[in-house]
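Below is the file input.csv, which contains CSV, C-alpha atoms and all ligand atoms.
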chain,number,residue,atom,x,y,z
Z,1,MET,CA,-80.4,134.6,-7.2
Z,2,ALA,CA,-79.1,131.1,-8.0
Z,3,GLU,CA,-81.3,128.3,-6.7
Z,4,LYS,CA,-79.8,126.5,-3.7
Z,5,GLN,CA,-78.7,123.0,-4.7
Z,6,ILE,CA,-80.5,120.3,-2.5
Z,7,LYS,CA,-77.8,118.1,-1.0
Z,8,ASN,CA,-78.5,114.5,-0.2
Z,9,ARG,CA,-77.0,113.1,3.0
Z,10,VAL,CA,-75.7,109.6,3.0
Z,11,CYS,CA,-75.3,107.2,5.9
Z,12,ILE,CA,-73.6,103.8,5.6
Z,13,VAL,CA,-75.1,101.3,7.9
Z,14,GLY,CA,-72.3,98.9,8.5
Z,15,SER,CA,-68.5,99.0,8.6
Z,16,GLY,CA,-67.2,95.5,8.0
Z,17,ASN,CA,-65.0,94.4,5.1
Z,18,TRP,CA,-67.4,95.4,2.3
Z,19,GLY,CA,-68.9,98.3,4.3
Z,20,SER,CA,-65.5,99.9,4.7
Z,21,ALA,CA,-64.5,99.3,1.0
Z,22,ILE,CA,-67.8,100.9,-0.2
Z,23,ALA,CA,-67.3,103.8,2.3
Z,24,LYS,CA,-64.1,104.6,0.5
Z,25,ILE,CA,-66.0,105.0,-2.8
Z,26,VAL,CA,-69.1,106.7,-1.3
Z,27,GLY,CA,-67.0,109.1,0.7
Z,28,LYS,CA,-65.0,110.2,-2.4
Z,29,ASN,CA,-68.1,110.5,-4.6
Z,30,ALA,CA,-70.0,112.5,-1.9
Z,31,ALA,CA,-67.1,115.0,-1.7
Z,32,ARG,CA,-67.0,115.3,-5.4
Z,33,LEU,CA,-70.7,115.5,-6.4
Z,34,PRO,CA,-72.6,118.8,-5.9
Z,35,ASN,CA,-75.9,117.1,-5.0
Z,36,PHE,CA,-74.4,115.3,-2.0
Z,37,GLU,CA,-73.4,116.5,1.4
Z,38,ASP,CA,-69.7,116.0,1.9
Z,39,ARG,CA,-70.0,114.5,5.3
Z,40,VAL,CA,-70.9,110.8,5.2
Z,41,THR,CA,-71.8,109.0,8.4
Z,42,MET,CA,-70.8,105.4,8.8
Z,43,TRP,CA,-72.4,103.4,11.6
Z,44,VAL,CA,-69.8,101.3,13.4
Z,45,TYR,CA,-70.8,98.4,15.7
Z,46,GLU,CA,-68.5,99.5,18.5
Z,47,GLU,CA,-65.7,97.3,19.7
Z,48,MET,CA,-62.5,97.8,21.5
Z,49,ILE,CA,-59.2,97.3,19.7
Z,50,ASP,CA,-56.1,97.1,22.0
Z,51,GLY,CA,-58.0,99.2,24.6
Z,52,LYS,CA,-59.3,101.8,22.1
Z,53,LYS,CA,-62.7,102.3,20.5
Z,54,LEU,CA,-62.8,101.3,16.9
Z,55,THR,CA,-64.8,104.5,16.0
Z,56,GLU,CA,-62.1,106.7,17.6
Z,57,ILE,CA,-59.4,104.8,15.7
Z,58,ILE,CA,-61.3,105.2,12.4
Z,59,ASN,CA,-61.9,109.0,13.0
Z,60,GLU,CA,-58.3,109.6,14.0
Z,61,THR,CA,-56.5,107.4,11.4
Z,62,HIS,CA,-59.1,107.1,8.7
Z,63,GLU,CA,-58.6,103.4,8.6
Z,64,ASN,CA,-60.8,100.5,9.7
Z,65,VAL,CA,-57.8,98.7,11.2
Z,66,LYS,CA,-59.9,95.6,11.9
Z,67,TYR,CA,-62.0,95.0,8.9
Z,68,LEU,CA,-60.1,96.7,6.1
Z,69,PRO,CA,-56.6,97.3,7.2
Z,70,GLY,CA,-54.2,99.0,4.9
Z,71,HIS,CA,-56.7,101.2,3.2
Z,72,LYS,CA,-57.4,104.9,4.0
Z,73,LEU,CA,-61.0,106.1,4.1
Z,74,PRO,CA,-61.7,109.6,2.9
Z,75,PRO,CA,-61.7,112.0,5.9
Z,76,ASN,CA,-65.3,113.1,5.2
Z,77,VAL,CA,-66.4,109.6,6.2
Z,78,VAL,CA,-67.2,109.9,9.9
Z,79,ALA,CA,-67.6,106.8,12.1
Z,80,VAL,CA,-70.5,107.0,14.5
Z,81,PRO,CA,-71.2,104.4,17.2
Z,82,ASP,CA,-74.9,105.3,17.7
Z,83,ILE,CA,-76.9,104.0,14.8
Z,84,VAL,CA,-79.8,106.4,15.3
Z,85,GLU,CA,-77.4,109.4,15.4
Z,86,ALA,CA,-75.7,108.1,12.3
Z,87,ALA,CA,-78.9,107.6,10.3
Z,88,LYS,CA,-81.4,110.2,11.5
Z,89,ASP,CA,-80.7,112.9,8.9
Z,90,ALA,CA,-79.8,110.7,6.0
Z,91,ASP,CA,-81.6,110.8,2.6
Z,92,LEU,CA,-79.9,107.7,1.5
Z,93,LEU,CA,-79.2,104.8,3.8
Z,94,ILE,CA,-76.7,102.2,2.5
Z,95,PHE,CA,-77.2,99.0,4.3
Z,96,VAL,CA,-74.1,96.8,4.4
Z,97,VAL,CA,-74.1,94.4,7.4
Z,98,PRO,CA,-74.0,90.6,7.7
Z,99,HIS,CA,-77.6,89.6,7.0
Z,100,GLN,CA,-78.3,88.1,10.4
Z,101,PHE,CA,-78.2,91.5,12.0
Z,102,VAL,CA,-80.7,93.3,9.7
Z,103,ARG,CA,-83.9,92.8,11.7
Z,104,THR,CA,-82.5,94.2,14.9
Z,105,ILE,CA,-81.0,97.2,13.1
Z,106,CYS,CA,-84.4,97.9,11.4
Z,107,SER,CA,-86.3,97.7,14.7
Z,108,THR,CA,-83.8,100.2,16.2
Z,109,LEU,CA,-84.2,102.6,13.3
Z,110,LEU,CA,-88.0,102.3,13.2
Z,111,GLY,CA,-89.5,105.8,13.5
Z,112,LYS,CA,-86.1,107.4,13.8
Z,113,ILE,CA,-85.2,108.1,10.2
Z,114,LYS,CA,-86.5,110.6,7.6
Z,115,PRO,CA,-89.8,109.4,6.2
Z,116,THR,CA,-88.5,110.5,2.8
Z,117,ALA,CA,-85.3,108.5,2.9
Z,118,ALA,CA,-84.4,105.8,0.4
Z,119,ALA,CA,-82.3,102.7,1.0
Z,120,LEU,CA,-79.8,100.7,-1.0
Z,121,SER,CA,-79.0,97.2,0.3
Z,122,LEU,CA,-75.6,95.6,-0.3
Z,123,ILE,CA,-76.5,92.7,2.0
Z,124,LYS,CA,-76.3,89.2,0.5
Z,125,GLY,CA,-78.6,86.8,2.3
Z,126,PHE,CA,-82.3,86.1,3.2
Z,127,ASP,CA,-84.2,85.8,6.4
Z,128,ILE,CA,-86.8,83.3,7.4
Z,129,ALA,CA,-90.4,84.5,7.0
Z,130,GLU,CA,-93.5,83.5,8.8
Z,131,GLY,CA,-95.4,80.7,7.1
Z,132,GLY,CA,-92.4,78.6,6.1
Z,133,GLY,CA,-90.9,80.8,3.4
Z,134,ILE,CA,-88.0,83.3,3.1
Z,135,ASP,CA,-87.9,87.1,3.1
Z,136,LEU,CA,-85.6,89.2,0.9
Z,137,ILE,CA,-83.5,91.6,3.0
Z,138,SER,CA,-84.7,94.6,0.9
Z,139,HIS,CA,-88.3,93.7,1.5
Z,140,ILE,CA,-87.6,93.6,5.3
Z,141,ILE,CA,-86.0,97.0,5.1
Z,142,THR,CA,-89.0,98.4,3.1
Z,143,ARG,CA,-91.6,96.8,5.4
Z,144,CYS,CA,-89.9,97.8,8.6
Z,145,LEU,CA,-88.9,101.3,7.8
Z,146,LYS,CA,-91.5,102.1,5.2
Z,147,ILE,CA,-88.9,103.4,2.7
Z,148,PRO,CA,-88.1,102.1,-0.8
Z,149,CYS,CA,-85.0,99.9,-1.0
Z,150,ALA,CA,-82.9,99.1,-4.1
Z,151,VAL,CA,-80.1,96.6,-4.1
Z,152,LEU,CA,-76.5,96.4,-5.2
Z,153,MET,CA,-74.9,93.0,-5.9
Z,154,GLY,CA,-72.0,92.0,-8.0
Z,155,ALA,CA,-68.6,90.3,-8.4
Z,156,ASN,CA,-67.1,92.6,-5.8
Z,157,ILE,CA,-64.6,91.0,-3.4
Z,158,ALA,CA,-64.1,93.9,-1.0
Z,159,SER,CA,-60.3,93.8,-0.8
Z,160,GLU,CA,-60.0,94.0,-4.6
Z,161,VAL,CA,-62.5,96.9,-4.8
Z,162,ALA,CA,-60.5,98.7,-2.0
Z,163,GLU,CA,-57.4,98.2,-4.1
Z,164,GLU,CA,-59.3,99.9,-7.0
Z,165,LYS,CA,-58.9,96.9,-9.3
Z,166,PHE,CA,-61.5,97.3,-12.2
Z,167,CYS,CA,-64.8,95.5,-11.7
Z,168,GLU,CA,-68.5,95.8,-12.4
Z,169,THR,CA,-71.6,95.7,-10.2
Z,170,THR,CA,-75.3,95.6,-10.7
Z,171,ILE,CA,-77.9,97.9,-9.1
Z,172,GLY,CA,-81.4,96.6,-9.1
Z,173,CYS,CA,-83.7,99.5,-8.9
Z,174,ARG,CA,-87.3,99.7,-10.1
Z,175,ASP,CA,-87.7,103.4,-9.3
Z,176,VAL,CA,-86.5,105.5,-12.2
Z,177,MET,CA,-86.4,108.6,-10.1
Z,178,LEU,CA,-84.1,107.1,-7.5
Z,179,ALA,CA,-81.8,105.1,-9.9
Z,180,PRO,CA,-79.6,108.0,-11.0
Z,181,MET,CA,-78.8,109.0,-7.4
Z,182,MET,CA,-77.9,105.4,-6.5
Z,183,ARG,CA,-75.6,105.1,-9.5
Z,184,ASP,CA,-73.9,108.5,-9.0
Z,185,ILE,CA,-72.9,107.8,-5.4
Z,186,ILE,CA,-71.5,104.4,-6.3
Z,187,GLN,CA,-69.9,104.6,-9.8
Z,188,THR,CA,-66.2,105.4,-10.3
Z,189,GLU,CA,-63.7,104.9,-13.1
Z,190,TYR,CA,-62.8,101.4,-11.7
Z,191,PHE,CA,-66.2,100.4,-10.3
Z,192,ARG,CA,-68.7,100.4,-13.1
Z,193,VAL,CA,-72.5,100.2,-12.5
Z,194,VAL,CA,-75.2,98.6,-14.6
Z,195,VAL,CA,-78.7,99.5,-13.4
Z,196,VAL,CA,-81.5,97.0,-14.1
Z,197,ASP,CA,-85.1,97.0,-12.9
Z,198,ASP,CA,-85.2,93.3,-11.9
Z,199,GLU,CA,-84.6,94.1,-8.2
Z,200,ASP,CA,-85.7,90.8,-6.7
Z,201,ALA,CA,-83.7,88.6,-9.1
Z,202,VAL,CA,-80.5,90.7,-8.5
Z,203,GLU,CA,-80.8,90.3,-4.8
Z,204,ILE,CA,-81.6,86.6,-5.0
Z,205,CYS,CA,-78.5,86.0,-7.1
Z,206,GLY,CA,-76.4,87.7,-4.5
Z,207,ALA,CA,-77.7,85.5,-1.7
Z,208,LEU,CA,-77.8,82.2,-3.5
Z,209,LYS,CA,-74.3,82.3,-5.0
Z,210,ASN,CA,-72.9,82.1,-1.4
Z,211,ILE,CA,-74.4,78.6,-1.1
Z,212,VAL,CA,-72.8,77.6,-4.4
Z,213,ALA,CA,-69.4,79.0,-3.2
Z,214,VAL,CA,-69.6,76.7,-0.1
Z,215,GLY,CA,-70.0,73.8,-2.5
Z,216,ALA,CA,-67.0,75.1,-4.5
Z,217,GLY,CA,-65.0,75.1,-1.3
Z,218,PHE,CA,-66.0,71.5,-0.6
Z,219,VAL,CA,-64.7,70.3,-4.0
Z,220,ASP,CA,-61.4,72.2,-3.5
Z,221,GLY,CA,-61.1,70.6,0.0
Z,222,LEU,CA,-61.8,67.2,-1.5
Z,223,GLY,CA,-59.0,67.7,-4.0
Z,224,PHE,CA,-61.1,67.7,-7.1
Z,225,GLY,CA,-60.0,69.8,-10.1
Z,226,ASP,CA,-61.3,72.8,-12.1
Z,227,ASN,CA,-63.6,70.7,-14.2
Z,228,THR,CA,-65.5,69.6,-11.0
Z,229,LYS,CA,-65.6,73.2,-9.8
Z,230,ALA,CA,-67.0,74.3,-13.2
Z,231,ALA,CA,-69.7,71.7,-12.8
Z,232,VAL,CA,-70.6,73.0,-9.4
Z,233,ILE,CA,-70.7,76.5,-10.7
Z,234,ARG,CA,-72.9,75.5,-13.6
Z,235,LEU,CA,-75.3,73.3,-11.6
Z,236,GLY,CA,-75.4,76.1,-9.0
Z,237,LEU,CA,-76.3,78.6,-11.6
Z,238,MET,CA,-79.1,76.3,-12.9
Z,239,GLU,CA,-80.5,76.0,-9.4
Z,240,MET,CA,-80.3,79.8,-8.9
Z,241,ILE,CA,-82.3,80.3,-12.2
Z,242,LYS,CA,-84.8,77.6,-11.2
Z,243,PHE,CA,-85.2,79.1,-7.7
Z,244,VAL,CA,-86.1,82.5,-9.2
Z,245,ASP,CA,-88.4,80.9,-11.8
Z,246,VAL,CA,-90.3,78.9,-9.2
Z,247,PHE,CA,-90.5,81.3,-6.3
Z,248,TYR,CA,-90.2,84.8,-7.9
Z,249,PRO,CA,-91.7,84.3,-11.4
Z,250,GLY,CA,-91.6,87.2,-13.8
Z,251,SER,CA,-87.9,87.8,-13.4
Z,252,LYS,CA,-85.6,88.1,-16.4
Z,253,LEU,CA,-83.1,85.5,-17.5
Z,254,SER,CA,-80.8,88.3,-18.7
Z,255,THR,CA,-80.3,89.4,-15.0
Z,256,PHE,CA,-78.2,86.2,-14.5
Z,257,PHE,CA,-75.7,87.5,-17.1
Z,258,GLU,CA,-75.1,90.7,-15.2
Z,259,SER,CA,-72.3,91.1,-12.7
Z,260,CYS,CA,-74.7,90.0,-9.9
Z,261,GLY,CA,-75.3,86.6,-11.6
Z,262,VAL,CA,-72.6,84.6,-13.3
Z,263,ALA,CA,-69.8,87.0,-12.6
Z,264,ASP,CA,-70.3,87.0,-8.8
Z,265,LEU,CA,-70.7,83.3,-8.9
Z,266,ILE,CA,-67.3,82.8,-10.5
Z,267,THR,CA,-65.4,85.3,-8.3
Z,268,THR,CA,-66.9,84.0,-5.1
Z,269,CYS,CA,-66.3,80.3,-6.0
Z,270,TYR,CA,-62.6,81.2,-6.6
Z,271,GLY,CA,-61.8,84.0,-4.3
Z,272,GLY,CA,-64.4,84.4,-1.6
Z,273,ARG,CA,-64.5,83.7,2.2
Z,274,ASN,CA,-67.3,81.1,1.9
Z,275,ARG,CA,-65.1,79.0,-0.5
Z,276,ARG,CA,-62.0,79.4,1.7
Z,277,VAL,CA,-63.7,78.4,5.0
Z,278,ALA,CA,-65.6,75.5,3.3
Z,279,GLU,CA,-62.3,74.1,1.9
Z,280,ALA,CA,-60.8,74.3,5.4
Z,281,PHE,CA,-63.9,72.5,6.8
Z,282,VAL,CA,-63.3,69.6,4.6
Z,283,LYS,CA,-59.5,69.5,5.2
Z,284,THR,CA,-59.6,69.9,9.0
Z,285,GLY,CA,-63.0,68.3,10.0
Z,286,ARG,CA,-63.5,71.2,12.3
Z,287,SER,CA,-66.9,73.1,12.6
Z,288,ILE,CA,-67.8,76.0,10.3
Z,289,LYS,CA,-68.3,78.2,13.3
Z,290,GLU,CA,-64.9,77.5,14.8
Z,291,LEU,CA,-63.2,78.1,11.4
Z,292,GLU,CA,-65.2,81.3,10.8
Z,293,ASP,CA,-64.1,82.7,14.2
Z,294,GLU,CA,-60.5,81.6,13.7
Z,295,MET,CA,-59.9,82.4,10.0
Z,296,LEU,CA,-62.0,85.6,9.5
Z,297,ASN,CA,-61.1,87.9,12.4
Z,298,GLY,CA,-64.7,89.0,13.1
Z,299,GLN,CA,-65.9,88.9,9.5
Z,300,LYS,CA,-69.0,86.8,8.9
Z,301,LEU,CA,-69.9,84.0,6.6
Z,302,GLN,CA,-73.2,84.2,4.8
Z,303,GLY,CA,-73.3,81.0,2.8
Z,304,PRO,CA,-74.0,78.4,5.5
Z,305,ILE,CA,-76.8,80.4,7.1
Z,306,THR,CA,-78.3,81.1,3.7
Z,307,ALA,CA,-78.2,77.4,2.9
Z,308,GLU,CA,-80.2,76.9,6.2
Z,309,GLU,CA,-82.7,79.6,5.3
Z,310,VAL,CA,-83.3,78.2,1.8
Z,311,ASN,CA,-83.6,74.7,3.1
Z,312,HIS,CA,-86.2,75.8,5.6
Z,313,MET,CA,-88.3,76.9,2.6
Z,314,LEU,CA,-87.5,73.9,0.4
Z,315,ALA,CA,-88.2,71.4,3.1
Z,316,ASN,CA,-91.5,73.1,3.9
Z,317,LYS,CA,-92.5,72.9,0.3
Z,318,ASN,CA,-91.3,69.4,-0.2
Z,319,MET,CA,-88.8,70.6,-2.9
Z,320,GLU,CA,-85.4,69.6,-1.6
Z,321,ASN,CA,-84.9,67.0,-4.3
Z,322,LYS,CA,-85.4,69.7,-7.0
Z,323,PHE,CA,-82.4,71.6,-5.6
Z,324,PRO,CA,-79.9,68.9,-4.8
Z,325,LEU,CA,-76.9,71.2,-4.7
Z,326,PHE,CA,-78.4,73.7,-2.3
Z,327,THR,CA,-79.7,70.7,-0.2
Z,328,ALA,CA,-76.4,68.9,-0.1
Z,329,VAL,CA,-74.5,72.1,1.0
Z,330,PHE,CA,-77.0,72.5,3.8
Z,331,ARG,CA,-76.7,68.9,5.0
Z,332,ILE,CA,-72.9,68.8,4.9
Z,333,CYS,CA,-72.7,72.1,6.9
Z,334,ARG,CA,-75.0,70.5,9.4
Z,335,GLY,CA,-73.0,67.3,9.6
Z,336,GLU,CA,-75.9,65.2,8.3
Z,337,LEU,CA,-73.8,64.2,5.3
Z,338,LYS,CA,-70.0,63.8,4.9
Z,339,PRO,CA,-68.3,66.2,2.5
Z,340,GLY,CA,-67.3,63.2,0.4
Z,341,ASP,CA,-71.1,62.7,-0.3
Z,342,PHE,CA,-71.3,66.0,-2.1
Z,343,ILE,CA,-70.4,64.6,-5.6
Z,344,ASP,CA,-72.8,61.7,-5.1
Z,345,CYS,CA,-75.6,64.3,-4.3
Z,346,ILE,CA,-75.0,66.2,-7.5
Z,347,ARG,CA,-74.1,63.2,-9.7
Z,348,SER,CA,-77.8,62.5,-10.3
Z,349,HIS,CA,-78.8,66.1,-10.6
Z,350,PRO,CA,-82.1,66.7,-12.5
Z,351,GLU,CA,-80.0,68.5,-15.1
Z,352,HIS,CA,-78.5,65.1,-16.1
Z,353,MET,CA,-81.9,63.3,-16.4
U,401,LIG,N1,-66.7,91.3,2.1
U,401,LIG,C1,-67.0,91.2,0.8
U,401,LIG,O1,-66.1,90.9,-0.1
U,401,LIG,C2,-68.4,91.4,0.3
U,401,LIG,C3,-69.5,91.3,1.2
U,401,LIG,N2,-70.7,91.5,0.7
U,401,LIG,C4,-71.9,91.4,1.6
U,401,LIG,O2,-72.0,92.5,2.4
U,401,LIG,C5,-72.6,92.2,3.7
U,401,LIG,C6,-71.7,92.8,4.8
U,401,LIG,O3,-70.4,92.2,4.7
U,401,LIG,P1,-69.1,92.8,5.3
U,401,LIG,O4,-69.1,94.3,5.2
U,401,LIG,O5,-68.0,92.1,4.5
U,401,LIG,O6,-69.2,92.3,6.8
U,401,LIG,P2,-68.1,91.4,7.6
U,401,LIG,O7,-68.2,90.0,7.1
U,401,LIG,O8,-66.8,92.1,7.6
U,401,LIG,O9,-68.7,91.4,9.1
U,401,LIG,C7,-68.2,92.1,10.1
U,401,LIG,C8,-69.1,93.3,10.5
U,401,LIG,O10,-70.2,92.8,11.3
U,401,LIG,C9,-70.3,93.7,12.4
U,401,LIG,N3,-71.0,93.0,13.5
U,401,LIG,C10,-70.6,92.0,14.3
U,401,LIG,N4,-71.5,91.7,15.2
U,401,LIG,C11,-72.6,92.5,15.0
U,401,LIG,C12,-73.9,92.7,15.6
U,401,LIG,N5,-74.3,92.0,16.6
U,401,LIG,N6,-74.7,93.6,15.1
U,401,LIG,C13,-74.3,94.4,14.0
U,401,LIG,N7,-73.1,94.3,13.4
U,401,LIG,C14,-72.3,93.4,13.9
U,401,LIG,C15,-68.9,94.0,12.7
U,401,LIG,O11,-68.9,95.1,13.6
U,401,LIG,C16,-68.4,94.3,11.3
U,401,LIG,O12,-68.6,95.6,10.9
U,401,LIG,C17,-72.8,90.7,3.7
U,401,LIG,O13,-74.1,90.4,3.4
U,401,LIG,C18,-71.8,90.2,2.6
U,401,LIG,O14,-72.3,89.0,2.0
U,401,LIG,C19,-71.0,91.7,-0.6
U,401,LIG,C20,-69.9,91.9,-1.5
U,401,LIG,C21,-68.6,91.7,-1.1
U,402,LIG,O1,-69.9,88.6,-2.2
U,402,LIG,C1,-68.7,88.5,-2.3
U,402,LIG,C2,-68.0,88.9,-3.6
U,402,LIG,O2,-68.9,89.5,-4.5
U,402,LIG,C3,-67.8,88.0,-1.2
U,402,LIG,O3,-68.1,86.7,-1.0
U,402,LIG,P1,-67.6,86.0,0.3
U,402,LIG,O4,-68.5,86.4,1.4
U,402,LIG,O5,-67.6,84.5,0.1
U,402,LIG,O6,-66.2,86.5,0.5
Using structure tokens, write down the structure from this file.
Ligand SMILES: NC(=O)C1=CN([C@@H]2O[C@H](COP(=O)(O)OP(=O)(O)OC[C@H]3O[C@@H](n4cnc5c(N)ncnc54)[C@H](O)[C@@H]3O)[C@@H](O)[C@H]2O)C=CC1
Ligand SMILES: O=C(CO)COP(=O)(O)O
Amino acid sequence: MAEKQIKNRVCIVGSGNWGSAIAKIVGKNAARLPNFEDRVTMWVYEEMIDGKKLTEIINETHENVKYLPGHKLPPNVVAVPDIVEAAKDADLLIFVVPHQFVRTICSTLLGKIKPTAAALSLIKGFDIAEGGGIDLISHIITRCLKIPCAVLMGANIASEVAEEKFCETTIGCRDVMLAPMMRDIIQTEYFRVVVVDDEDAVEICGALKNIVAVGAGFVDGLGFGDNTKAAVIRLGLMEMIKFVDVFYPGSKLSTFFESCGVADLITTCYGGRNRRVAEAFVKTGRSIKELEDEMLNGQKLQGPITAEEVNHMLANKNMENKFPLFTAVFRICRGELKPGDFIDCIRSHPEHM
């Protein structure tokens, strides 16, 4: 008798703009691959749209009309409003929520998931740790849920991925047994995966580039040109490399040349939400929060909060002057500096000394 194939169950924890775009890929791959269960659950933070529950709309129309309108999800992706119900049988949990919600989600899932499950985090951001430092989101997931957590970061603007325009991504996974499963469920003809073992650096790149993208938005709003934006991208990259070198020593320089590094920096500094809202912030003088609510229809910015989390650590360690671009973005978002001061802050960057 033929041996029964073990089928991995997948749950996508999140259903925003990126969560829905990745659900399209994961749903198709799960239906196609013999070692995955067809049915993929997708946890949806329930909300009402024109008097109807978003989960019901998604399950009836196979479209997340709020966060990824115009794209059909495969019918085997099932929207579930109860997070424990969605996650309890999963062998692979794909975390893709705005980073500010991760701790609450983990405490809800504590003790309610399979102890043998593994996680893949697509979340770009940090959290504040006790003792004045920062925590990586994948570390929070591993610590809270006691499961391994790899990461996926890359130059992946969700709408373009949903349109199936070619791009690359990076999976950071130290566990050679888990890496093939992670790659299989993600890779398609148009979404190409490179797996590296430098997990922490991959994740840090994904988080820090959002701060740089806010800076890129500032220079767009101020009316500077492409040369200035290129300088912001380059100085941002140098601060990202330094940050990893100082706080996460042992990471590899080559990781910055993967999709999660320089490529994500470029795409986000030209096409991302952080850039767009930061440009409007400069042009209108309104608050980031107001503009986020008005311009993004429920989607969430990660850059300004990440700048705050990073500054919390830099200030505690007396290192703000070593990271003038990160520091200036934080202070401008807080209203402590004017947007016009941005260039002055990076003019005397340590890179120029
Ligand atoms: N959108 C993009 O192009 C990309 C996003 N990412 C990253 O993926 C992560 C998730 O981003 P998106 O899917 O775009 O989310 P999003 O920016 O579309 O956020 C909206 C989501 O947050 C949920 N939400 C709102 N309040 C909540 C609460 N209190 N608790 C839990 N969930 C709540 C909403 O229901 C919705 O699903 C972020 O870290 C982002 O940086 C990464 C690559 C591309
Ligand atoms: O991470 C992203 C692209 O890789 C999306 O960036 P934004 O959140 O700025 O849109």
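If all atoms listed in the file are the atoms counted, then among Z:Ile134, Z:Ala87, Z:Ala162, Z:Ala307 the closest residue to Gly70 (chain Z) is Z:Ala162.
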Practice problem: Compile the contact shell of Gly217 (chain Z) as a PyMOL selection string: residues with an atom at most 10 Å away, counting only C-alpha atoms, same-chain residues fewer than 4 positions apart removed. | Solution: chain Z and resi 212-213+221-223+229+268-282
Output as a Markdown table one row per residue of chain Z within 9 Å of ligand LIG 401 (chain U): the closest atom pair and its distance in Å to one decimal place, counting only C-alpha atoms and all ligand atoms, sorted by chain and residue number ascending.
| residue | atom | partner | partner_atom | distance |
| --- | --- | --- | --- | --- |
| Z:Gly14 | CA | U:LIG401 | O12 | 5.5 |
| Z:Ser15 | CA | U:LIG401 | O12 | 4.1 |
| Z:Gly16 | CA | U:LIG401 | O12 | 3.2 |
| Z:Asn17 | CA | U:LIG401 | O5 | 3.8 |
| Z:Trp18 | CA | U:LIG401 | O4 | 3.5 |
| Z:Gly19 | CA | U:LIG401 | O4 | 4.1 |
| Z:Ser20 | CA | U:LIG401 | O4 | 6.7 |
| Z:Ala21 | CA | U:LIG401 | O4 | 8.0 |
| Z:Ile22 | CA | U:LIG401 | O4 | 8.6 |
| Z:Trp43 | CA | U:LIG401 | O12 | 8.7 |
| Z:Val44 | CA | U:LIG401 | O11 | 6.3 |
| Z:Tyr45 | CA | U:LIG401 | O11 | 4.3 |
| Z:Glu46 | CA | U:LIG401 | O11 | 6.6 |
| Z:Glu47 | CA | U:LIG401 | O11 | 7.2 |
| Z:Lys66 | CA | U:LIG401 | C16 | 8.6 |
| Z:Tyr67 | CA | U:LIG401 | O8 | 5.8 |
| Z:Leu68 | CA | U:LIG401 | O8 | 8.3 |
| Z:Phe95 | CA | U:LIG401 | C5 | 8.2 |
| Z:Val96 | CA | U:LIG401 | C6 | 4.7 |
| Z:Val97 | CA | U:LIG401 | C6 | 3.9 |
| Z:Pro98 | CA | U:LIG401 | C17 | 4.2 |
| Z:His99 | CA | U:LIG401 | O13 | 5.1 |
| Z:Gln100 | CA | U:LIG401 | N6 | 8.1 |
| Z:Phe101 | CA | U:LIG401 | N6 | 5.1 |
| Z:Val102 | CA | U:LIG401 | C13 | 7.8 |
| Z:Thr104 | CA | U:LIG401 | N6 | 7.8 |
| Z:Ile105 | CA | U:LIG401 | C13 | 7.3 |
| Z:Ser121 | CA | U:LIG401 | O2 | 8.7 |
| Z:Leu122 | CA | U:LIG401 | O2 | 5.5 |
| Z:Ile123 | CA | U:LIG401 | O13 | 3.6 |
| Z:Lys124 | CA | U:LIG401 | O13 | 3.8 |
| Z:Gly125 | CA | U:LIG401 | O13 | 5.9 |
| Z:Leu152 | CA | U:LIG401 | C19 | 8.6 |
| Z:Met153 | CA | U:LIG401 | C19 | 6.7 |
| Z:Gly154 | CA | U:LIG401 | C20 | 6.8 |
| Z:Ala155 | CA | U:LIG401 | C20 | 7.2 |
| Z:Asn156 | CA | U:LIG401 | C21 | 5.0 |
| Z:Ile157 | CA | U:LIG401 | O1 | 3.6 |
| Z:Ala158 | CA | U:LIG401 | O1 | 3.7 |
| Z:Ser159 | CA | U:LIG401 | O1 | 6.5 |
| Z:Glu160 | CA | U:LIG401 | O1 | 8.2 |
| Z:Val161 | CA | U:LIG401 | O1 | 8.4 |
| Z:Gly206 | CA | U:LIG401 | C19 | 7.8 |
| Z:Ala207 | CA | U:LIG401 | O14 | 7.4 |
| Z:Asn210 | CA | U:LIG401 | O14 | 7.7 |
| Z:Asp264 | CA | U:LIG401 | C20 | 8.8 |
| Z:Thr268 | CA | U:LIG401 | O1 | 8.6 |
| Z:Gly272 | CA | U:LIG401 | O1 | 6.9 |
| Z:Arg273 | CA | U:LIG401 | O1 | 7.7 |
| Z:Leu296 | CA | U:LIG401 | O7 | 8.0 |
| Z:Asn297 | CA | U:LIG401 | O8 | 8.6 |
| Z:Gly298 | CA | U:LIG401 | C7 | 5.6 |
| Z:Gln299 | CA | U:LIG401 | O7 | 3.5 |
| Z:Lys300 | CA | U:LIG401 | O7 | 3.8 |
| Z:Leu301 | CA | U:LIG401 | O7 | 6.3 |
| Z:Gln302 | CA | U:LIG401 | O14 | 5.6 |
| Z:Gly303 | CA | U:LIG401 | O14 | 8.1 |
Quiz item: In Å to one decimal, how far is CA of Val40 (chain Z) from CA of Leu54 (chain Z)?
Solution: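 Rounded to one decimal, the two atoms are 17.1 Å apart.
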Exercise. Go ahead and compute the interatomic distance for CA of Val10 (chain Z) and CA of Phe36 (chain Z), in Å to one decimal.
Key: 7.7 Å
Practice problem: Can you pull out every residue within 9 Å of Asn76 (chain Z), counting only C-alpha atoms, but drop anything in the same chain fewer than 5 positions away, and send it as a PyMOL selection string? | Solution: chain Z and resi 27-28+30-31+38-41
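Comparing the minimum interatomic distances between Leu109 (chain Z) and each of Z:Glu130, Z:Cys144, Z:Met353, Z:Leu136, counting all atoms listed in the file, we find that Z:Cys144 sits nearest.
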